[in-house]
Amino acid sequence: MKPCFPSLPQSTQSESPVRYWLVEYRQQSIDFTADQQRALARLLPLLICGEQSSQWVFHNEVQRQRDNNPLQQAVADFESIVADEQYHEEALEMIRLSLPEPDDITQIKRRSQRFFAALGLRQSFDVHFAQIACLDALVCRLMLAIEKGSLSSDHPFVLLCRAIKQDEAKHVTLSKRHALALGFEHSQWQSFKNSIADRLYTLLASERSAFETIGVELETIFDSKEGNQ
Ligand SMILES: [Fe+2]
Ligand SMILES: [Fe+2]
């Protein structure tokens with residue numbers, strides 16, 4: 001499958017728990033029921049597209065910070081986020097490759113590509129990083145919902161989701177701090193967050209039944225969009 005967004009060469013490492021998940025599970029086959037396989041074959045492309053998109057956002061910001069007004073801590077933080085996202089992509093793609101490919105894979109991929117490409121379009125940098133913070137906070141909620149779903153709590157995919165959630169929580173903090181440093185108005189946060197949640201809900205609801213197969217009710221993720229983060 002062609003990537004949603006071109007891959008970046010891995011230039012940095014990070015201490016992502018997903019890196020250690022890969023060491024443990026790279027050589028193992030992971031068991032799913034046939035229904036779970038069909039569901040994940042539809043859902044993983046959405047997540048993988050997000051991981052690829054995020055790598056580019058942070059990679060470009062590293063270059064921009066280096067060229068313009070070097071916030072050295074931001075450069076180091078963002079290089080490590082790029083590495084985290086690369087581990088996430090690698091792990092999710094490794095699982096996806098073991099699953100049957102849906103007939104409408106091209107449409108699934110296009111839908112997610114459009115969603116992520118539209119996020120950065122015609123946005124100022126502060127708004128773009130606020131979007132990323134909101135999005136990653138929702139990914140944390142999604143990962144938590146999968147953990148609480150129908151797969152057992154020690155299933156390797158659940159362990160992967162837990163590891164991704166840990167990284168995404170860190171990304172939320174760093175992206176939000178960066179958005180505010182770039183001038184994002186804190187008072188806009190809540191309404192902004194709700195509008196990103198509505199857009200992501202529309203994308204994920206296109207795969208509602210696949211989510212239900214793995215025990216995830218989308219409403220549980222989006223109902224509490226008023227929550228903190
Ligand atoms: Fe990620
Ligand atoms: Fe992230």
# chains A, B, ... in the order shown; residues from 1 in each chain; ligands from 1
$ residues_around --residues "Ile108 (chain A)" --least-positions-apart "6" --cutoff "8 Å" --atoms "only C-alpha atoms" --output "list in words"
Arg42, Pro45 and Leu46 of chain A
$ residues_around --residues "Leu47 (chain A)" --least-positions-apart "4" --cutoff "12 Å" --atoms "only C-alpha atoms" --output "JSON, numbers by chain"
{"A": [3, 4, 40, 41, 42, 43, 51, 52, 53, 54, 85, 88, 89, 90, 91, 92, 93, 95, 96, 108, 109, 111, 112, 113, 115, 116, 135, 136, 138, 139, 140, 142, 143, 161, 164, 200, 203, 204]}
$ residues_near_ligand --ligand "ligand 2" --cutoff "12 Å" --atoms "only C-alpha atoms and all ligand atoms" --output "PyMOL selection string"
chain A and resi 16+47-58+77-89+129+131-140+163-176
$ residues_around --residues "Pro156 (chain A)" --least-positions-apart "5" --cutoff "12 Å" --atoms "only C-alpha atoms" --output "ChimeraX atom specification"
/A:18,21-22,24-26,28-32,91-92,95,146-147,151,161-163
$ write_last_selection --atoms "N, CA and C atoms" --output "mmCIF file, in the first residue's frame"
data_model
loop_
_atom_site.group_PDB
_atom_site.id
_atom_site.type_symbol
_atom_site.label_atom_id
_atom_site.label_comp_id
_atom_site.auth_asym_id
_atom_site.auth_seq_id
_atom_site.Cartn_x
_atom_site.Cartn_y
_atom_site.Cartn_z
ATOM 1 N N VAL A 18 6.835 2.165 22.389
ATOM 2 C CA VAL A 18 6.535 1.396 21.164
ATOM 3 C C VAL A 18 7.817 0.805 20.571
ATOM 4 N N TRP A 21 8.088 -2.307 22.372
ATOM 5 C CA TRP A 21 7.038 -3.223 21.910
ATOM 6 C C TRP A 21 7.526 -3.892 20.615
ATOM 7 N N LEU A 22 8.127 -3.102 19.718
ATOM 8 C CA LEU A 22 8.608 -3.652 18.439
ATOM 9 C C LEU A 22 9.689 -4.708 18.663
ATOM 10 N N GLU A 24 9.929 -6.695 21.082
ATOM 11 C CA GLU A 24 9.282 -7.909 21.579
ATOM 12 C C GLU A 24 8.425 -8.611 20.519
ATOM 13 N N TYR A 25 7.713 -7.850 19.712
ATOM 14 C CA TYR A 25 6.687 -8.465 18.852
ATOM 15 C C TYR A 25 7.016 -8.489 17.361
ATOM 16 N N ARG A 26 8.148 -7.913 16.968
ATOM 17 C CA ARG A 26 8.460 -7.841 15.540
ATOM 18 C C ARG A 26 8.500 -9.228 14.887
ATOM 19 N N GLN A 28 6.968 -11.943 16.029
ATOM 20 C CA GLN A 28 5.872 -12.834 16.419
ATOM 21 C C GLN A 28 4.632 -12.587 15.568
ATOM 22 N N SER A 29 3.862 -13.666 15.359
ATOM 23 C CA SER A 29 2.586 -13.394 14.698
ATOM 24 C C SER A 29 1.559 -13.118 15.798
ATOM 25 N N ILE A 30 0.651 -12.182 15.528
ATOM 26 C CA ILE A 30 -0.309 -11.740 16.544
ATOM 27 C C ILE A 30 -1.676 -12.303 16.174
ATOM 28 N N ASP A 31 -2.319 -12.967 17.136
ATOM 29 C CA ASP A 31 -3.592 -13.640 16.841
ATOM 30 C C ASP A 31 -4.790 -12.703 16.940
ATOM 31 N N PHE A 32 -5.639 -12.758 15.921
ATOM 32 C CA PHE A 32 -6.929 -12.066 15.933
ATOM 33 C C PHE A 32 -7.970 -13.049 15.399
ATOM 34 N N ALA A 91 4.913 -0.117 13.825
ATOM 35 C CA ALA A 91 4.205 -1.175 14.559
ATOM 36 C C ALA A 91 2.811 -1.411 13.957
ATOM 37 N N LEU A 92 2.093 -0.329 13.671
ATOM 38 C CA LEU A 92 0.742 -0.473 13.119
ATOM 39 C C LEU A 92 0.795 -1.068 11.716
ATOM 40 N N ILE A 95 1.364 -4.823 11.759
ATOM 41 C CA ILE A 95 0.129 -5.579 11.997
ATOM 42 C C ILE A 95 -0.742 -5.553 10.733
ATOM 43 N N ILE A 146 -9.947 1.353 23.082
ATOM 44 C CA ILE A 146 -9.547 0.035 22.550
ATOM 45 C C ILE A 146 -9.069 -0.861 23.702
ATOM 46 N N GLU A 147 -8.312 -0.264 24.638
ATOM 47 C CA GLU A 147 -7.857 -1.041 25.802
ATOM 48 C C GLU A 147 -9.033 -1.629 26.576
ATOM 49 N N LEU A 151 -10.864 -6.900 23.105
ATOM 50 C CA LEU A 151 -9.628 -7.695 23.138
ATOM 51 C C LEU A 151 -9.148 -7.802 24.583
ATOM 52 N N CYS A 161 -1.528 -0.297 21.855
ATOM 53 C CA CYS A 161 -2.368 0.908 22.013
ATOM 54 C C CYS A 161 -2.021 1.648 23.303
ATOM 55 N N ARG A 162 -1.739 0.886 24.352
ATOM 56 C CA ARG A 162 -1.373 1.514 25.622
ATOM 57 C C ARG A 162 -0.058 2.289 25.464
ATOM 58 N N ALA A 163 0.876 1.679 24.751
ATOM 59 C CA ALA A 163 2.185 2.329 24.555
ATOM 60 C C ALA A 163 2.022 3.595 23.697
#
$ atom_distance --atom1 "CA of His128 (chain A)" --atom2 "CA of Ser191 (chain A)"
14.9 Å
$ atom_distance --atom1 "CA of Phe5 (chain A)" --atom2 "CA of Leu160 (chain A)"
22.2 Å
$ closest_residue --among "A:Arg208, A:Pro17, A:Ala118, A:Leu182" --to "ligand 1" --atoms "only C-alpha atoms and all ligand atoms"
A:Pro17
$ atom_distance --atom1 "CA of Ala210 (chain A)" --atom2 "CA of Ile196 (chain A)"
21.7 Å
$ residues_around --residues "region 221-223 of chain A" --least-positions-apart "5" --cutoff "9 Å" --atoms "only C-alpha atoms" --output "list of chain:residue names"
A:Leu138, A:Arg141, A:Leu142, A:Leu144, A:Ala145, A:Ala197, A:Asp198, A:Tyr201, A:Val216
$ write_last_selection --atoms "C-alpha atoms" --output "short mmCIF file (atom, residue, chain, number, x, y, z; two decimals), in the first residue's frame"
data_model
loop_
_atom_site.label_atom_id
_atom_site.label_comp_id
_atom_site.auth_asym_id
_atom_site.auth_seq_id
_atom_site.Cartn_x
_atom_site.Cartn_y
_atom_site.Cartn_z
CA LEU A 138 -8.55 12.31 21.06
CA ARG A 141 -9.08 8.55 24.26
CA LEU A 142 -9.39 6.21 21.31
CA LEU A 144 -8.05 3.93 25.96
CA ALA A 145 -11.36 2.83 24.44
CA ALA A 197 -13.63 16.50 17.74
CA ASP A 198 -16.59 16.95 15.38
CA TYR A 201 -15.89 11.99 14.66
CA VAL A 216 -15.34 0.47 20.79
#
